[in-house]
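The structure file coords.txt is reproduced below (compact mmCIF, C-alpha atoms).
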```txt
# COMPACT_ATOMS: atom_id res chain seq x y z
CA MET A 1 21.58 -39.13 -56.56
CA PRO A 2 21.16 -38.04 -60.18
CA LYS A 3 19.05 -34.89 -60.64
CA SER A 4 17.66 -35.76 -64.06
CA PRO A 5 15.86 -39.04 -64.71
CA GLU A 6 17.60 -41.80 -66.55
CA VAL A 7 16.22 -42.76 -69.94
CA GLU A 8 16.21 -46.48 -70.70
CA ARG A 9 15.55 -47.96 -74.13
CA ILE A 10 13.49 -51.10 -73.72
CA PRO A 11 12.59 -53.59 -76.47
CA SER A 12 9.01 -52.87 -77.54
CA ASP A 13 8.05 -56.53 -77.15
CA LEU A 14 8.44 -56.07 -73.37
CA GLU A 15 5.96 -53.17 -73.20
CA ALA A 16 3.07 -55.36 -71.99
CA LEU A 17 5.20 -56.55 -69.06
CA LEU A 18 6.32 -53.14 -67.79
CA ASP A 19 3.44 -52.46 -65.36
CA ARG A 20 4.04 -55.81 -63.65
CA PHE A 21 7.81 -55.21 -63.71
CA PHE A 22 7.43 -51.88 -61.88
CA ASP A 23 4.89 -53.30 -59.40
CA VAL A 24 7.22 -56.17 -58.45
CA SER A 25 10.25 -53.85 -58.35
CA ARG A 26 8.48 -51.50 -55.94
CA GLN A 27 7.48 -54.46 -53.75
CA ASP A 28 11.11 -55.59 -53.72
CA LEU A 29 12.17 -52.03 -52.82
CA GLU A 30 9.82 -52.08 -49.81
CA GLN A 31 11.28 -55.45 -48.77
CA MET A 32 14.76 -53.93 -49.06
CA ARG A 33 13.76 -51.05 -46.79
CA ASN A 34 12.33 -53.50 -44.24
CA ALA A 35 15.43 -55.69 -44.44
CA LEU A 36 17.66 -52.64 -43.98
CA ARG A 37 15.76 -51.63 -40.84
CA ALA A 38 16.11 -55.23 -39.54
CA ARG A 39 19.79 -55.40 -40.59
CA ASP A 40 18.89 -58.51 -42.62
CA PHE A 41 21.89 -58.48 -44.91
CA GLU A 42 21.17 -61.90 -46.43
CA THR A 43 17.81 -60.70 -47.74
CA LEU A 44 19.48 -57.55 -49.08
CA VAL A 45 22.08 -59.65 -50.93
CA ARG A 46 19.29 -61.69 -52.54
CA LEU A 47 17.12 -58.70 -53.43
CA GLY A 48 20.08 -56.74 -54.77
CA HIS A 49 21.04 -59.72 -56.92
CA THR A 50 17.45 -60.00 -58.15
CA ALA A 51 17.30 -56.28 -58.99
CA ARG A 52 20.57 -56.56 -60.88
CA GLY A 53 19.46 -59.56 -62.93
CA THR A 54 15.88 -58.50 -63.54
CA GLY A 55 16.76 -54.91 -64.32
CA SER A 56 19.48 -55.91 -66.74
CA GLY A 57 17.27 -58.59 -68.30
CA TYR A 58 14.55 -56.07 -69.09
CA GLY A 59 17.03 -53.49 -70.38
CA PHE A 60 17.04 -51.28 -67.28
CA LYS A 61 20.81 -50.83 -67.07
CA GLY A 62 20.56 -48.28 -64.25
CA MET A 63 18.56 -50.68 -62.11
CA GLY A 64 21.07 -53.42 -62.84
CA ARG A 65 23.90 -51.15 -61.73
CA ILE A 66 22.10 -50.09 -58.53
CA GLY A 67 21.15 -53.71 -57.76
CA HIS A 68 24.81 -54.67 -58.04
CA GLU A 69 25.75 -51.88 -55.60
CA ILE A 70 23.09 -53.07 -53.14
CA GLU A 71 24.31 -56.65 -53.39
CA GLN A 72 27.95 -55.64 -52.83
CA ALA A 73 27.15 -53.33 -49.90
CA ALA A 74 25.04 -56.07 -48.29
CA LEU A 75 27.91 -58.56 -48.63
CA LYS A 76 30.11 -56.02 -46.79
CA ARG A 77 27.33 -55.35 -44.24
CA ASP A 78 27.69 -51.63 -44.96
CA SER A 79 24.42 -50.13 -43.68
CA ASP A 80 25.28 -46.56 -44.69
CA ALA A 81 26.04 -47.53 -48.28
CA LEU A 82 22.95 -49.74 -48.36
CA LYS A 83 20.71 -46.86 -47.29
CA THR A 84 22.17 -44.68 -50.03
CA HIS A 85 21.77 -47.37 -52.72
CA VAL A 86 18.25 -48.34 -51.65
CA ASP A 87 17.24 -44.66 -51.71
CA THR A 88 18.86 -44.34 -55.15
CA LEU A 89 16.82 -47.32 -56.38
CA GLY A 90 13.63 -45.69 -55.09
CA HIS A 91 14.49 -42.47 -56.91
CA TYR A 92 15.32 -44.42 -60.06
CA LEU A 93 12.00 -46.31 -60.03
CA ASP A 94 10.10 -43.05 -59.47
CA THR A 95 11.80 -41.11 -62.26
CA VAL A 96 13.11 -43.48 -64.95
CA GLN A 97 11.80 -42.68 -68.42
CA VAL A 98 11.13 -45.55 -70.78
CA GLU A 99 11.63 -45.31 -74.52
CA LEU A 100 10.47 -48.29 -76.54
CA ASP A 101 12.95 -49.61 -79.07
CA GLY A 102 11.66 -51.24 -82.22
```
Write-out of the structure in structure tokens:
Amino acid sequence: MPKSPEVERIPSDLEALLDRFFDVSRQDLEQMRNALRARDFETLVRLGHTARGTGSGYGFKGMGRIGHEIEQAALKRDSDALKTHVDTLGHYLDTVQVELDG
């Protein structure tokens, strides 16, 4: 897990959407944790895919990368890797620094 927070440059026209983005992302993270406990790999594939697409779409490259890792680990049914990636996503959401671009 990275020690220093990632800095993401986000288009300034998305600033009004960031609170909602983080709220929904944290809800998805909690669903991931529940799915991991239940060994519900299908839900983890879907939520990882969503994190990848949504994160990338908003300019959160780190979240997109972690979402991809979650999706791939879920497809392989690799619980250990999933726990690591889900924890990494939690750390990322707690520490990411946003710089507005434009």
| Of the candidates A:Ser4, A:Ser25, A:Thr88, A:Asn34, which shows the shortest atom-to-atom distance to Thr54 (chain A), using all atoms listed in the file? |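 When distances to Thr54 (chain A) are compared using all atoms listed in the file, the smallest one comes from A:Ser25.
CA of Asp40 (chain A) sits 11.2 Å away from CA of Leu82 (chain A).
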| Within 10 Å of region 56-59 of chain A, counting all atoms listed in the file, which residues qualify if same-chain residues fewer than 6 places away don't, as an NGL selection string? | :A and (8-11 or 14-15 or 17-18 or 21 or 50 or 65 or 67 or 98)
| query | Quick one: distance from CA of Tyr92 (chain A) to CA of Leu47 (chain A) in Å, one decimal? | reply | 15.8 Å
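Of the listed residues A:Val45, A:Leu89, A:Met63, A:Leu100, the one whose atoms come nearest to Leu29 (chain A) is A:Leu89, with distances taken using only C-alpha atoms.
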| note | Between CA of Ser12 (chain A) and CA of Gly48 (chain A) lies a distance of 25.6 Å
Point (22.0, -48.3, -47.5) neighbourhood (10 Å, all atoms listed in the file) written as a PDB file with C-alpha atoms, in the coordinates of the input:
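Output (result25.pdb):
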```
ATOM      1  CA  MET A  32      14.760 -53.930 -49.060  1.00  0.00           C
ATOM      2  CA  ARG A  33      13.760 -51.050 -46.790  1.00  0.00           C
ATOM      3  CA  LEU A  36      17.660 -52.640 -43.980  1.00  0.00           C
ATOM      4  CA  ARG A  37      15.760 -51.630 -40.840  1.00  0.00           C
ATOM      5  CA  LEU A  44      19.480 -57.550 -49.080  1.00  0.00           C
ATOM      6  CA  GLU A  69      25.750 -51.880 -55.600  1.00  0.00           C
ATOM      7  CA  ILE A  70      23.090 -53.070 -53.140  1.00  0.00           C
ATOM      8  CA  ALA A  73      27.150 -53.330 -49.900  1.00  0.00           C
ATOM      9  CA  ALA A  74      25.040 -56.070 -48.290  1.00  0.00           C
ATOM     10  CA  ARG A  77      27.330 -55.350 -44.240  1.00  0.00           C
ATOM     11  CA  ASP A  78      27.690 -51.630 -44.960  1.00  0.00           C
ATOM     12  CA  SER A  79      24.420 -50.130 -43.680  1.00  0.00           C
ATOM     13  CA  ASP A  80      25.280 -46.560 -44.690  1.00  0.00           C
ATOM     14  CA  ALA A  81      26.040 -47.530 -48.280  1.00  0.00           C
ATOM     15  CA  LEU A  82      22.950 -49.740 -48.360  1.00  0.00           C
ATOM     16  CA  LYS A  83      20.710 -46.860 -47.290  1.00  0.00           C
ATOM     17  CA  THR A  84      22.170 -44.680 -50.030  1.00  0.00           C
ATOM     18  CA  HIS A  85      21.770 -47.370 -52.720  1.00  0.00           C
ATOM     19  CA  VAL A  86      18.250 -48.340 -51.650  1.00  0.00           C
ATOM     20  CA  ASP A  87      17.240 -44.660 -51.710  1.00  0.00           C
ATOM     21  CA  THR A  88      18.860 -44.340 -55.150  1.00  0.00           C
TER      22      THR A  88
END
```
| field | Given all atoms listed in the file as the counted atoms, nearest of A:Gly102, A:Leu93, A:Glu71, A:Arg39 to Asp19 (chain A) | value |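 Among A:Gly102, A:Leu93, A:Glu71, A:Arg39, it is A:Leu93 that comes nearest to Asp19 (chain A).
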Please write out, as lines of an AutoDock Vina configuration file, where the centre of an axis-aligned box around all listed atoms of region 98-102 of chain A lies and how long its edges are, in Å to one decimal, after adding 8 Å on each side.
```
center_x = 11.7
center_y = -48.3
center_z = -76.5
size_x = 18.5
size_y = 21.9
size_z = 27.4
```
